[in-house]
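Here is target.txt, consisting of compact mmCIF, C-alpha atoms and all ligand atoms:
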# COMPACT_ATOMS: atom_id res chain seq x y z
CA MET A 1 -88.94 68.84 -6.44
CA ASN A 2 -90.66 65.68 -7.64
CA ALA A 3 -89.42 63.37 -10.43
CA LYS A 4 -91.71 64.98 -13.02
CA GLU A 5 -90.24 68.41 -12.27
CA ILE A 6 -86.71 67.00 -12.24
CA ARG A 7 -87.33 65.35 -15.61
CA LYS A 8 -87.96 68.79 -17.13
CA LEU A 9 -84.40 69.80 -16.22
CA PHE A 10 -83.03 67.22 -18.70
CA PRO A 11 -83.51 68.55 -22.24
CA ILE A 12 -82.85 65.21 -23.96
CA LEU A 13 -85.84 63.61 -22.26
CA ASP A 14 -88.19 66.00 -23.99
CA GLN A 15 -88.36 64.16 -27.31
CA GLU A 16 -90.21 61.46 -29.17
CA VAL A 17 -88.49 58.25 -30.21
CA ASN A 18 -90.18 56.16 -32.87
CA GLY A 19 -93.32 58.23 -32.46
CA HIS A 20 -93.55 57.88 -28.67
CA PRO A 21 -92.37 60.12 -25.83
CA LEU A 22 -88.95 58.84 -24.76
CA VAL A 23 -88.73 56.67 -21.65
CA TYR A 24 -85.05 56.39 -20.77
CA LEU A 25 -84.33 53.32 -18.63
CA ASP A 26 -80.61 52.90 -19.31
CA SER A 27 -79.01 55.17 -16.73
CA ALA A 28 -76.80 52.37 -15.39
CA ALA A 29 -75.02 52.47 -18.75
CA THR A 30 -74.89 56.25 -18.79
CA SER A 31 -77.08 58.92 -17.23
CA GLN A 32 -78.60 61.92 -18.96
CA LYS A 33 -77.30 65.44 -18.31
CA PRO A 34 -79.25 68.36 -16.84
CA TYR A 35 -79.18 71.90 -18.31
CA THR A 36 -76.79 73.05 -15.60
CA VAL A 37 -74.12 70.52 -16.60
CA ILE A 38 -74.51 71.28 -20.30
CA GLU A 39 -74.29 75.00 -19.48
CA ALA A 40 -71.17 74.51 -17.34
CA LEU A 41 -69.43 72.82 -20.28
CA ASN A 42 -70.71 75.45 -22.68
CA ASN A 43 -69.60 78.33 -20.44
CA TYR A 44 -66.17 76.87 -19.92
CA TYR A 45 -65.54 76.58 -23.67
CA ARG A 46 -67.15 79.94 -24.44
CA GLU A 47 -65.54 81.97 -21.69
CA ASP A 48 -62.68 80.27 -19.84
CA ASN A 49 -61.07 77.71 -22.17
CA SER A 50 -57.36 77.56 -21.44
CA ASN A 51 -54.82 75.07 -20.22
CA VAL A 52 -54.48 74.68 -16.44
CA HIS A 53 -51.60 75.04 -13.97
CA ARG A 54 -49.30 76.60 -16.59
CA GLY A 55 -50.26 80.05 -17.79
CA VAL A 56 -50.14 83.18 -15.70
CA HIS A 57 -52.78 84.81 -17.87
CA THR A 58 -56.34 85.39 -16.69
CA LEU A 59 -58.03 82.64 -18.69
CA GLY A 60 -55.46 80.15 -17.41
CA THR A 61 -56.15 81.22 -13.84
CA ARG A 62 -59.91 80.95 -14.33
CA ALA A 63 -59.65 77.49 -15.90
CA THR A 64 -57.32 76.32 -13.11
CA ASP A 65 -59.64 77.67 -10.42
CA LYS A 66 -62.62 75.88 -11.97
CA TYR A 67 -60.70 72.63 -12.45
CA GLU A 68 -59.33 72.60 -8.90
CA GLY A 69 -62.69 73.83 -7.60
CA ALA A 70 -64.26 70.70 -9.12
CA ARG A 71 -61.73 68.57 -7.22
CA GLU A 72 -62.84 70.18 -3.97
CA LYS A 73 -66.50 69.44 -4.86
CA VAL A 74 -65.62 65.76 -5.41
CA ARG A 75 -63.71 65.67 -2.12
CA ARG A 76 -66.70 67.03 -0.23
CA PHE A 77 -69.15 64.78 -2.11
CA ILE A 78 -67.45 61.57 -0.96
CA ASN A 79 -66.13 63.07 2.31
CA ALA A 80 -62.46 62.44 1.52
CA PRO A 81 -60.11 64.09 4.00
CA SER A 82 -58.05 65.93 1.37
CA THR A 83 -58.11 67.02 -2.29
CA SER A 84 -54.70 65.38 -2.67
CA GLU A 85 -56.57 62.06 -2.48
CA ILE A 86 -58.81 62.89 -5.46
CA ILE A 87 -57.26 61.90 -8.79
CA PHE A 88 -59.13 62.74 -11.97
CA THR A 89 -59.13 59.83 -14.43
CA ARG A 90 -61.08 58.83 -17.53
CA GLY A 91 -63.51 56.78 -15.46
CA THR A 92 -63.90 53.76 -13.21
CA THR A 93 -62.04 51.50 -15.64
CA THR A 94 -58.96 53.73 -15.72
CA SER A 95 -59.08 54.22 -11.95
CA ILE A 96 -59.08 50.47 -11.23
CA ASN A 97 -56.39 49.81 -13.85
CA THR A 98 -54.24 52.47 -12.18
CA ILE A 99 -54.64 50.81 -8.77
CA ALA A 100 -53.89 47.34 -10.16
CA SER A 101 -50.89 48.31 -12.24
CA SER A 102 -49.28 50.56 -9.62
CA PHE A 103 -50.37 49.62 -6.07
CA GLY A 104 -51.23 46.03 -7.03
CA ASN A 105 -47.97 45.55 -8.87
CA ASP A 106 -46.02 46.75 -5.82
CA HIS A 107 -47.92 44.78 -3.17
CA VAL A 108 -48.91 41.46 -4.75
CA LYS A 109 -46.30 38.68 -4.89
CA GLU A 110 -46.30 35.10 -6.10
CA GLY A 111 -48.73 32.95 -4.08
CA ASP A 112 -50.63 35.97 -2.65
CA GLU A 113 -54.40 36.06 -3.01
CA ILE A 114 -56.63 38.64 -4.68
CA VAL A 115 -60.29 38.27 -3.71
CA ILE A 116 -63.13 39.46 -5.95
CA SER A 117 -66.75 38.35 -6.52
CA TYR A 118 -68.72 36.61 -9.29
CA MET A 119 -70.79 39.74 -9.84
CA GLU A 120 -67.87 42.03 -10.79
CA HIS A 121 -68.00 44.16 -13.92
CA HIS A 122 -65.14 43.30 -16.30
CA SER A 123 -63.50 46.57 -15.19
CA ASN A 124 -63.01 45.18 -11.69
CA LEU A 125 -62.17 41.68 -12.86
CA ILE A 126 -59.76 41.74 -15.78
CA PRO A 127 -57.19 44.11 -14.17
CA TRP A 128 -56.95 41.66 -11.22
CA GLN A 129 -56.95 38.62 -13.49
CA GLN A 130 -54.03 40.13 -15.41
CA LEU A 131 -52.17 41.08 -12.25
CA ALA A 132 -52.65 37.58 -10.80
CA LYS A 133 -51.29 36.03 -14.02
CA LYS A 134 -48.32 38.37 -14.12
CA LYS A 135 -47.39 37.79 -10.49
CA GLY A 136 -48.34 34.13 -10.09
CA ALA A 137 -50.95 35.20 -7.53
CA ILE A 138 -54.23 33.39 -6.84
CA LEU A 139 -57.52 34.97 -7.88
CA LYS A 140 -60.29 33.86 -5.50
CA TYR A 141 -64.05 34.42 -5.76
CA VAL A 142 -66.38 35.00 -2.81
CA PRO A 143 -69.31 32.57 -3.23
CA MET A 144 -72.66 34.10 -4.08
CA LYS A 145 -76.08 33.11 -2.75
CA GLU A 146 -78.95 32.06 -4.97
CA ASP A 147 -80.52 35.55 -4.71
CA GLY A 148 -77.35 37.33 -5.88
CA THR A 149 -76.06 38.48 -2.49
CA ILE A 150 -72.78 37.77 -0.75
CA THR A 151 -72.68 37.07 2.98
CA LEU A 152 -70.07 38.25 5.44
CA ASP A 153 -69.52 34.63 6.54
CA ASP A 154 -68.58 33.76 2.96
CA VAL A 155 -66.26 36.78 2.82
CA ARG A 156 -64.65 35.64 6.13
CA ASN A 157 -64.19 32.15 4.73
CA THR A 158 -62.57 33.41 1.53
CA VAL A 159 -60.27 36.17 2.79
CA THR A 160 -57.16 34.83 4.55
CA SER A 161 -53.88 36.19 5.88
CA ASN A 162 -52.47 35.52 2.38
CA THR A 163 -54.98 37.91 0.80
CA LYS A 164 -53.39 41.18 -0.31
CA ILE A 165 -56.29 42.81 -2.11
CA VAL A 166 -60.07 42.54 -1.84
CA ALA A 167 -61.77 44.26 -4.79
CA ILE A 168 -65.58 44.33 -4.72
CA MET A 169 -68.26 46.45 -6.35
CA HIS A 170 -70.45 48.54 -4.06
CA VAL A 171 -73.58 48.02 -6.19
CA SER A 172 -74.01 45.41 -8.93
CA ASN A 173 -74.82 46.78 -12.38
CA VAL A 174 -76.71 43.56 -13.15
CA LEU A 175 -78.27 42.28 -9.93
CA GLY A 176 -78.70 45.65 -8.24
CA THR A 177 -77.28 44.07 -5.07
CA ILE A 178 -75.94 46.58 -2.55
CA ASN A 179 -72.87 44.97 -1.00
CA PRO A 180 -71.97 45.59 2.69
CA ILE A 181 -68.72 47.36 1.80
CA LYS A 182 -68.00 48.74 5.26
CA ASP A 183 -68.11 45.27 6.81
CA ILE A 184 -66.18 43.70 3.95
CA THR A 185 -63.50 46.37 4.35
CA LYS A 186 -63.25 45.52 8.04
CA ILE A 187 -62.73 41.83 7.23
CA ALA A 188 -60.10 42.73 4.61
CA HIS A 189 -58.22 44.90 7.10
CA GLU A 190 -58.42 42.30 9.89
CA ASN A 191 -56.56 40.00 7.51
CA GLY A 192 -53.99 42.61 6.53
CA ALA A 193 -55.48 43.08 3.04
CA PHE A 194 -56.30 46.33 1.20
CA MET A 195 -59.82 47.17 0.07
CA VAL A 196 -60.61 48.45 -3.43
CA VAL A 197 -64.20 49.46 -4.18
CA ASP A 198 -65.81 49.80 -7.60
CA GLY A 199 -68.24 52.62 -6.94
CA ALA A 200 -69.50 53.07 -10.52
CA GLN A 201 -73.10 52.15 -9.64
CA SER A 202 -73.22 53.46 -6.07
CA THR A 203 -71.79 56.99 -6.22
CA PRO A 204 -74.55 58.31 -8.54
CA HIS A 205 -77.31 56.95 -6.31
CA MET A 206 -76.38 57.10 -2.62
CA LYS A 207 -74.37 59.15 -0.15
CA ILE A 208 -70.78 57.89 -0.17
CA ASP A 209 -68.50 58.54 2.77
CA VAL A 210 -65.06 57.05 2.09
CA GLN A 211 -63.90 57.77 5.64
CA ASP A 212 -66.83 55.89 7.10
CA LEU A 213 -66.31 52.97 4.69
CA ASP A 214 -62.57 53.09 5.52
CA CYS A 215 -61.75 51.55 2.12
CA ASP A 216 -58.25 52.05 0.71
CA PHE A 217 -59.43 52.97 -2.79
CA TYR A 218 -62.77 54.00 -4.32
CA ALA A 219 -63.38 54.38 -8.07
CA PHE A 220 -66.27 55.95 -9.99
CA SER A 221 -67.32 57.56 -13.30
CA GLY A 222 -68.76 61.02 -13.94
CA HIS A 223 -71.01 60.03 -16.83
CA LYS A 224 -73.20 57.79 -14.67
CA MET A 225 -73.93 60.65 -12.25
CA CYS A 226 -75.22 63.36 -14.59
CA GLY A 227 -71.68 64.43 -15.57
CA PRO A 228 -69.90 64.21 -18.93
CA THR A 229 -68.19 61.16 -20.39
CA GLY A 230 -64.41 60.91 -20.15
CA ILE A 231 -64.07 61.97 -16.51
CA GLY A 232 -63.87 59.76 -13.46
CA VAL A 233 -62.31 59.66 -10.04
CA LEU A 234 -59.78 57.58 -8.21
CA TYR A 235 -59.91 58.16 -4.46
CA GLY A 236 -57.08 56.62 -2.47
CA LYS A 237 -55.81 57.02 1.07
CA LYS A 238 -53.01 59.54 1.01
CA HIS A 239 -50.24 57.29 2.33
CA HIS A 240 -51.00 54.72 -0.39
CA LEU A 241 -51.03 57.31 -3.19
CA GLU A 242 -47.85 58.91 -1.87
CA ASN A 243 -46.01 55.60 -2.07
CA MET A 244 -47.39 54.63 -5.49
CA GLU A 245 -45.52 55.07 -8.74
CA PRO A 246 -47.36 56.97 -11.49
CA VAL A 247 -48.52 54.82 -14.41
CA GLU A 248 -48.29 57.58 -17.02
CA PHE A 249 -45.39 59.95 -17.53
CA GLY A 250 -44.96 63.23 -19.39
CA GLY A 251 -46.04 66.83 -19.00
CA GLU A 252 -47.99 68.18 -15.99
CA MET A 253 -46.94 65.39 -13.61
CA ILE A 254 -43.25 66.27 -13.27
CA ASP A 255 -41.36 68.44 -10.84
CA PHE A 256 -37.82 68.45 -12.32
CA VAL A 257 -36.63 66.73 -15.46
CA ASP A 258 -32.99 65.99 -16.22
CA LEU A 259 -31.44 63.98 -19.01
CA TYR A 260 -31.40 60.67 -17.12
CA ASP A 261 -33.78 61.16 -14.23
CA SER A 262 -36.89 63.08 -13.22
CA THR A 263 -38.97 63.77 -10.12
CA TRP A 264 -42.73 63.93 -9.77
CA LYS A 265 -45.11 66.61 -8.60
CA GLU A 266 -46.90 66.13 -5.32
CA LEU A 267 -50.36 64.56 -5.08
CA PRO A 268 -52.75 64.54 -6.83
CA TRP A 269 -50.96 65.86 -9.92
CA LYS A 270 -48.33 63.13 -10.16
CA PHE A 271 -51.14 60.86 -11.41
CA GLU A 272 -52.49 63.34 -13.98
CA ALA A 273 -49.97 63.26 -16.83
CA GLY A 274 -50.63 65.47 -19.85
CA THR A 275 -53.30 68.11 -20.30
CA PRO A 276 -56.02 66.99 -17.91
CA ILE A 277 -59.72 66.46 -18.59
CA ILE A 278 -60.50 70.09 -17.77
CA ALA A 279 -64.00 70.46 -19.20
CA GLY A 280 -64.94 67.00 -17.93
CA ALA A 281 -63.92 67.83 -14.37
CA ILE A 282 -65.81 71.15 -14.49
CA GLY A 283 -68.88 69.31 -15.83
CA LEU A 284 -68.58 66.74 -13.04
CA GLY A 285 -68.42 69.58 -10.51
CA ALA A 286 -71.67 70.97 -11.93
CA ALA A 287 -73.23 67.49 -11.77
CA ILE A 288 -72.30 67.24 -8.08
CA ASP A 289 -73.88 70.65 -7.41
CA PHE A 290 -77.02 69.41 -9.14
CA LEU A 291 -77.20 66.10 -7.25
CA GLU A 292 -76.54 67.82 -3.93
CA GLU A 293 -79.30 70.30 -4.56
CA ILE A 294 -81.78 67.46 -5.10
CA GLY A 295 -80.23 65.61 -2.13
CA MET A 296 -78.62 62.17 -2.30
CA GLU A 297 -81.02 60.81 0.35
CA ASN A 298 -83.98 61.89 -1.78
CA ILE A 299 -82.47 60.24 -4.85
CA THR A 300 -81.88 56.95 -2.99
CA LYS A 301 -85.41 57.01 -1.58
CA HIS A 302 -86.95 57.70 -4.97
CA GLU A 303 -85.02 54.88 -6.63
CA HIS A 304 -85.93 52.37 -3.90
CA HIS A 305 -89.54 53.32 -4.47
CA LEU A 306 -89.23 52.85 -8.24
CA ALA A 307 -87.45 49.49 -7.81
CA ALA A 308 -90.20 48.26 -5.47
CA TYR A 309 -92.88 49.54 -7.86
CA ALA A 310 -91.19 47.84 -10.85
CA LEU A 311 -90.62 44.54 -9.02
CA ASN A 312 -94.24 44.48 -7.99
CA LYS A 313 -95.51 45.23 -11.52
CA LEU A 314 -93.18 42.67 -13.08
CA SER A 315 -94.30 39.98 -10.64
CA GLU A 316 -97.71 40.26 -12.30
CA VAL A 317 -96.31 39.53 -15.77
CA GLU A 318 -96.21 35.82 -16.52
CA GLY A 319 -92.99 34.43 -17.93
CA VAL A 320 -90.72 37.21 -16.65
CA THR A 321 -87.68 36.13 -14.58
CA VAL A 322 -86.12 38.88 -12.46
CA TYR A 323 -82.54 38.41 -11.20
CA GLY A 324 -81.05 39.69 -7.95
CA PRO A 325 -82.38 40.24 -4.42
CA LYS A 326 -86.16 40.17 -4.04
CA ASP A 327 -86.15 42.72 -1.22
CA PRO A 328 -86.18 46.21 -2.80
CA MET A 329 -84.30 47.62 0.21
CA GLN A 330 -81.39 45.29 -0.54
CA ARG A 331 -81.07 46.49 -4.12
CA ALA A 332 -80.47 49.66 -6.06
CA GLY A 333 -82.79 51.11 -8.70
CA LEU A 334 -82.43 48.65 -11.54
CA VAL A 335 -84.19 45.50 -12.65
CA THR A 336 -82.48 42.85 -14.77
CA PHE A 337 -84.79 40.30 -16.31
CA ASN A 338 -85.58 37.85 -19.07
CA VAL A 339 -88.83 37.05 -20.82
CA ASP A 340 -89.52 33.36 -21.54
CA ASP A 341 -88.54 32.33 -25.06
CA VAL A 342 -87.70 35.87 -26.17
CA HIS A 343 -84.07 36.91 -26.63
CA PRO A 344 -83.21 40.05 -24.60
CA HIS A 345 -82.10 41.83 -27.78
CA ASP A 346 -85.58 41.23 -29.20
CA VAL A 347 -87.10 42.55 -25.96
CA ALA A 348 -85.00 45.70 -26.23
CA THR A 349 -85.84 46.10 -29.93
CA VAL A 350 -89.59 45.89 -29.41
CA LEU A 351 -89.38 48.27 -26.44
CA ASP A 352 -87.35 50.69 -28.54
CA ALA A 353 -90.12 50.72 -31.13
CA GLU A 354 -92.33 51.95 -28.24
CA GLY A 355 -89.83 54.71 -27.37
CA ILE A 356 -88.48 52.83 -24.33
CA ALA A 357 -84.69 52.52 -23.97
CA VAL A 358 -83.43 49.49 -22.03
CA ARG A 359 -80.12 47.66 -22.20
CA ALA A 360 -79.69 44.09 -23.44
CA GLY A 361 -76.57 41.94 -23.45
CA HIS A 362 -74.03 40.58 -20.97
CA HIS A 363 -73.58 43.98 -19.27
CA CYS A 364 -69.78 43.56 -19.16
CA ALA A 365 -70.25 40.73 -16.68
CA GLN A 366 -69.75 37.49 -18.61
CA PRO A 367 -68.76 35.35 -15.58
CA LEU A 368 -71.96 36.52 -13.86
CA MET A 369 -74.03 35.57 -16.94
CA LYS A 370 -72.46 32.10 -16.72
CA TRP A 371 -73.32 31.94 -13.02
CA LEU A 372 -76.93 32.93 -13.84
CA LYS A 373 -76.88 30.27 -16.63
CA VAL A 374 -77.95 32.76 -19.29
CA SER A 375 -76.12 34.23 -22.27
CA ALA A 376 -77.67 37.67 -21.86
CA THR A 377 -80.38 39.59 -20.04
CA ALA A 378 -82.39 42.79 -20.47
CA ARG A 379 -82.06 45.58 -17.89
CA ALA A 380 -84.16 48.59 -16.97
CA SER A 381 -82.29 51.04 -14.78
CA PHE A 382 -83.76 54.07 -13.05
CA TYR A 383 -82.54 57.47 -11.98
CA LEU A 384 -83.86 60.62 -10.38
CA TYR A 385 -85.75 61.66 -13.54
CA ASN A 386 -87.76 58.43 -13.90
CA THR A 387 -91.38 58.22 -12.80
CA GLU A 388 -93.98 55.54 -12.06
CA GLU A 389 -95.47 56.33 -15.46
CA ASP A 390 -92.15 55.36 -17.08
CA ILE A 391 -92.42 51.97 -15.40
CA ASP A 392 -96.06 51.61 -16.44
CA ARG A 393 -95.04 52.28 -20.05
CA PHE A 394 -92.18 49.79 -19.71
CA VAL A 395 -94.44 47.04 -18.33
CA ALA A 396 -97.06 47.74 -21.01
CA GLY A 397 -94.24 47.47 -23.57
CA LEU A 398 -93.23 44.10 -22.14
CA LEU A 399 -96.79 42.82 -22.43
CA LYS A 400 -96.76 43.94 -26.05
CA THR A 401 -93.43 42.16 -26.59
CA LYS A 402 -94.87 38.93 -25.23
CA GLU A 403 -97.95 39.28 -27.40
CA TYR A 404 -95.85 39.99 -30.49
CA PHE A 405 -93.64 36.95 -29.97
CA SER A 406 -96.51 34.65 -29.10
CA ASP A 407 -97.90 35.51 -32.58
CA VAL A 408 -94.52 34.87 -34.22
CA PHE A 409 -93.96 31.42 -32.67
N1 LIG B 501 -68.08 49.06 -12.83
C1 LIG B 501 -69.42 48.98 -12.92
C2 LIG B 501 -70.17 48.33 -11.82
C3 LIG B 501 -70.07 49.51 -14.02
O1 LIG B 501 -71.39 49.42 -14.12
C4 LIG B 501 -69.31 50.15 -15.03
C5 LIG B 501 -69.96 50.69 -16.24
O2 LIG B 501 -70.98 50.22 -16.68
C6 LIG B 501 -67.92 50.21 -14.87
C7 LIG B 501 -67.35 49.67 -13.76
C8 LIG B 501 -67.05 50.87 -15.90
O3 LIG B 501 -67.29 52.22 -15.94
P1 LIG B 501 -66.59 53.11 -17.10
O4 LIG B 501 -66.96 52.45 -18.40
O5 LIG B 501 -67.23 54.45 -16.94
O6 LIG B 501 -65.14 53.10 -16.85
Could you express the structure from this file as structure tokens?
Amino acid sequence: MNAKEIRKLFPILDQEVNGHPLVYLDSAATSQKPYTVIEALNNYYREDNSNVHRGVHTLGTRATDKYEGAREKVRRFINAPSTSEIIFTRGTTTSINTIASSFGNDHVKEGDEIVISYMEHHSNLIPWQQLAKKKGAILKYVPMKEDGTITLDDVRNTVTSNTKIVAIMHVSNVLGTINPIKDITKIAHENGAFMVVDGAQSTPHMKIDVQDLDCDFYAFSGHKMCGPTGIGVLYGKKHHLENMEPVEFGGEMIDFVDLYDSTWKELPWKFEAGTPIIAGAIGLGAAIDFLEEIGMENITKHEHHLAAYALNKLSEVEGVTVYGPKDPMQRAGLVTFNVDDVHPHDVATVLDAEGIAVRAGHHCAQPLMKWLKVSATARASFYLYNTEEDIDRFVAGLLKTKEYFSDVF
């Protein structure tokens, strides 16, 4: 199936915005959903809606089977050894907060180091900043090269035997940089540190194998990979999860409750307090089926092609600064840029008038904006349903933006 055919499987893309056919270039913020995912949600609510793990009635059994079936799909998708290592959360943010406030709280002491990078999303920065403050630990940043990459030598020079946690994003939501997570994990482990990976921008776009990466934790969000909002995943190695305290308490996660003490269910349920995100998990399972049918290798290849095509087209537009690695093979399918003398919000507004959706702002990465010496940028991000024509429309829109603002000033 080519991108044009795939596009037809996403009903939302078949519309006009401001009088123009919609070009959606904001999938890094959230992806669109195919018919199959919408139908899976619809069918669950129409036919199977019931609480899970509790009832003995038929609807309860069906809902539980679908919910736990989705967990198995996630396990297979990231090649985790066991479904007990797959915790359903609200998303990447909740997953990383859970790791920091449980595992981090137990393992980090005063004077220990936590190593992150300048390119981290606030979700993989603030939880560690808070933990470091609470514990009197030292937050260290791996230096970044001019082109927005980090080198293994710099990682080696930053991580020491005092480092307890290394927390790095797999793919940058701003620079598009693909970080060498397997090698970074090796360096972390050689120093006795644990590796946490923010997989929000990688899992939707490339084949993830947590056993091959050997990371201790991996976090991602369903809504960026054709699934619904409100569902995400925390993968953790079993022995870590087993030894971790839950961060939320209440129904669903308990084994026995007495007046002054309680015990917890086994994994993964001890981390899923309260009625879980049943429809969300089922929708994520349908999204995984969809992505697997297209093939993750095909998706990666298509996005590399679009990134190369966009970088090439943008290099022909005067006054456009593109951030991140120049080599399309070193970056994922997004392009963050600025246009001389035009604020990124104005760029996004003019493009919107042409029916083209891009993101403008600090992209939840304020320290990175500071590092880039800008207050904000615009970003076009691609997914399996985008085509070369989308990029042509986007570049034509940028030329129009430049023209419009050259008249204004
Ligand atoms: N990490 C990265 C790299 C992201 O791009 C995002 C979302 O944009 C997040 C974390 C947070 O994801 P969520 O808002 O789904 O928790």
Given 9 Å and all atoms listed in the file, residues near ligand LIG 501 (chain B) as a PyMOL selection string: chain A and resi 28-30+90-96+119-124+169-174+198-202+219-224+229-232+363-364
Distance query Pro180 (chain A) at most 9 Å, all atoms listed in the file, self and fewer than 3 positions along chain excluded, as an NGL selection string: :A and (150-152 or 170 or 183-185)
Would you export the selected residues with C-alpha atoms as a PDB file, in the coordinates of the input, please?
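After the write, result_11.pdb holds the following:
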ATOM      1  CA  ILE A 150     -72.780  37.770  -0.750  1.00  0.00           C
ATOM      2  CA  THR A 151     -72.680  37.070   2.980  1.00  0.00           C
ATOM      3  CA  LEU A 152     -70.070  38.250   5.440  1.00  0.00           C
ATOM      4  CA  HIS A 170     -70.450  48.540  -4.060  1.00  0.00           C
ATOM      5  CA  ASP A 183     -68.110  45.270   6.810  1.00  0.00           C
ATOM      6  CA  ILE A 184     -66.180  43.700   3.950  1.00  0.00           C
ATOM      7  CA  THR A 185     -63.500  46.370   4.350  1.00  0.00           C
TER       8      THR A 185
END
Answer as a PyMOL selection string, residues within 6 Å of (-63.4, 58.2, 3.1) using only C-alpha atoms: chain A and resi 79-80+209-212+214
Atomic separation - CA of Met253 (chain A) relative to CA of Trp269 (chain A), Å: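 Taking CA of Trp269 (chain A) and CA of Met253 (chain A), their separation equals 5.5 Å.
Nearest residue to Thr300 (chain A) among A:Leu234, A:Leu314, A:Leu267, A:Ile208 is A:Ile208, counting only C-alpha atoms.
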May I have a table of the residues of region 119-198 of chain A lying at most 8 Å from region 318-327 of chain A, giving each one's closest pair of atoms and their distance in Å to one decimal, counting all atoms listed in the file, ordered by chain and ascending residue number, as a tab-separated table?
residue	atom	partner	partner_atom	distance
A:Asp147	CA	A:Pro325	CA	5.1
A:Gly148	CA	A:Gly324	CA	4.9
A:Thr149	CA	A:Pro325	CA	6.8
A:Val174	CA	A:Gly324	CA	7.8
A:Leu175	CA	A:Gly324	CA	4.3
A:Gly176	CA	A:Gly324	CA	6.4
A:Thr177	CA	A:Pro325	CA	6.4
Near-Val247 (chain A) list (9 Å; all atoms listed in the file; drop same-chain fewer than 6 positions) as a list in words: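 Contacts, in chain order: Thr98, Ser101, Ser102, Phe271 and Ala273 of chain A.
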Take the residues just selected and output them with C-alpha atoms as a PDB file, in the coordinates of the input.
ATOM      1  CA  THR A  98     -54.240  52.470 -12.180  1.00  0.00           C
ATOM      2  CA  SER A 101     -50.890  48.310 -12.240  1.00  0.00           C
ATOM      3  CA  SER A 102     -49.280  50.560  -9.620  1.00  0.00           C
ATOM      4  CA  PHE A 271     -51.140  60.860 -11.410  1.00  0.00           C
ATOM      5  CA  ALA A 273     -49.970  63.260 -16.830  1.00  0.00           C
TER       6      ALA A 273
END
Å distance separating CA of Ile299 (chain A) from CA of Gln32 (chain A), one decimal place: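 CA of Gln32 (chain A) lies at a distance of 14.7 Å from CA of Ile299 (chain A).
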Point-to-point distance from CA of Glu47 (chain A) to CA of Pro276 (chain A), Å rounded to tenths: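 Here the two named atoms are 18.1 Å from each other.
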Local residues around (-68.1, 68.6, -7.9), at most 9 Å away, using all atoms listed in the file, as number ranges by chain: A: 69-77, 281-289
Residues from the last selection, C-alpha atoms, saved as an mmCIF file, in the frame of the given file:
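And here is the file that came out, selection-v6.cif:
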data_model
loop_
_atom_site.group_PDB
_atom_site.id
_atom_site.type_symbol
_atom_site.label_atom_id
_atom_site.label_comp_id
_atom_site.auth_asym_id
_atom_site.auth_seq_id
_atom_site.Cartn_x
_atom_site.Cartn_y
_atom_site.Cartn_z
ATOM 1 C CA GLY A 69 -62.690 73.830 -7.600
ATOM 2 C CA ALA A 70 -64.260 70.700 -9.120
ATOM 3 C CA ARG A 71 -61.730 68.570 -7.220
ATOM 4 C CA GLU A 72 -62.840 70.180 -3.970
ATOM 5 C CA LYS A 73 -66.500 69.440 -4.860
ATOM 6 C CA VAL A 74 -65.620 65.760 -5.410
ATOM 7 C CA ARG A 75 -63.710 65.670 -2.120
ATOM 8 C CA ARG A 76 -66.700 67.030 -0.230
ATOM 9 C CA PHE A 77 -69.150 64.780 -2.110
ATOM 10 C CA ALA A 281 -63.920 67.830 -14.370
ATOM 11 C CA ILE A 282 -65.810 71.150 -14.490
ATOM 12 C CA GLY A 283 -68.880 69.310 -15.830
ATOM 13 C CA LEU A 284 -68.580 66.740 -13.040
ATOM 14 C CA GLY A 285 -68.420 69.580 -10.510
ATOM 15 C CA ALA A 286 -71.670 70.970 -11.930
ATOM 16 C CA ALA A 287 -73.230 67.490 -11.770
ATOM 17 C CA ILE A 288 -72.300 67.240 -8.080
ATOM 18 C CA ASP A 289 -73.880 70.650 -7.410
#
Selection near Arg393 (chain A), 10 Å with only C-alpha atoms, sequence-local residues under 3 positions removed, as a ChimeraX atom specification: /A:23,351,354-356,388-390,396-399
Write the residues you've just listed into a file as an mmCIF file, keeping the file's coordinate frame, and include C-alpha atoms for each of them.
data_model
loop_
_atom_site.group_PDB
_atom_site.id
_atom_site.type_symbol
_atom_site.label_atom_id
_atom_site.label_comp_id
_atom_site.auth_asym_id
_atom_site.auth_seq_id
_atom_site.Cartn_x
_atom_site.Cartn_y
_atom_site.Cartn_z
ATOM 1 C CA VAL A 23 -88.730 56.670 -21.650
ATOM 2 C CA LEU A 351 -89.380 48.270 -26.440
ATOM 3 C CA GLU A 354 -92.330 51.950 -28.240
ATOM 4 C CA GLY A 355 -89.830 54.710 -27.370
ATOM 5 C CA ILE A 356 -88.480 52.830 -24.330
ATOM 6 C CA GLU A 388 -93.980 55.540 -12.060
ATOM 7 C CA GLU A 389 -95.470 56.330 -15.460
ATOM 8 C CA ASP A 390 -92.150 55.360 -17.080
ATOM 9 C CA ALA A 396 -97.060 47.740 -21.010
ATOM 10 C CA GLY A 397 -94.240 47.470 -23.570
ATOM 11 C CA LEU A 398 -93.230 44.100 -22.140
ATOM 12 C CA LEU A 399 -96.790 42.820 -22.430
#
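Nearest residue to Glu316 (chain A), choosing from A:Tyr118, A:Arg54, A:Thr401, A:Val395 and counting all atoms listed in the file: A:Val395.
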Using only C-alpha atoms: which of A:Tyr385, A:Tyr35, A:Tyr404, A:Tyr67 has the shortest distance to Ile294 (chain A): A:Tyr385
Proximity to Lys237 (chain A) - best of A:Phe290, A:Phe249, A:Phe194, A:Tyr383, only C-alpha atoms: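 Distance minimum relative to Lys237 (chain A) lands on A:Phe194.
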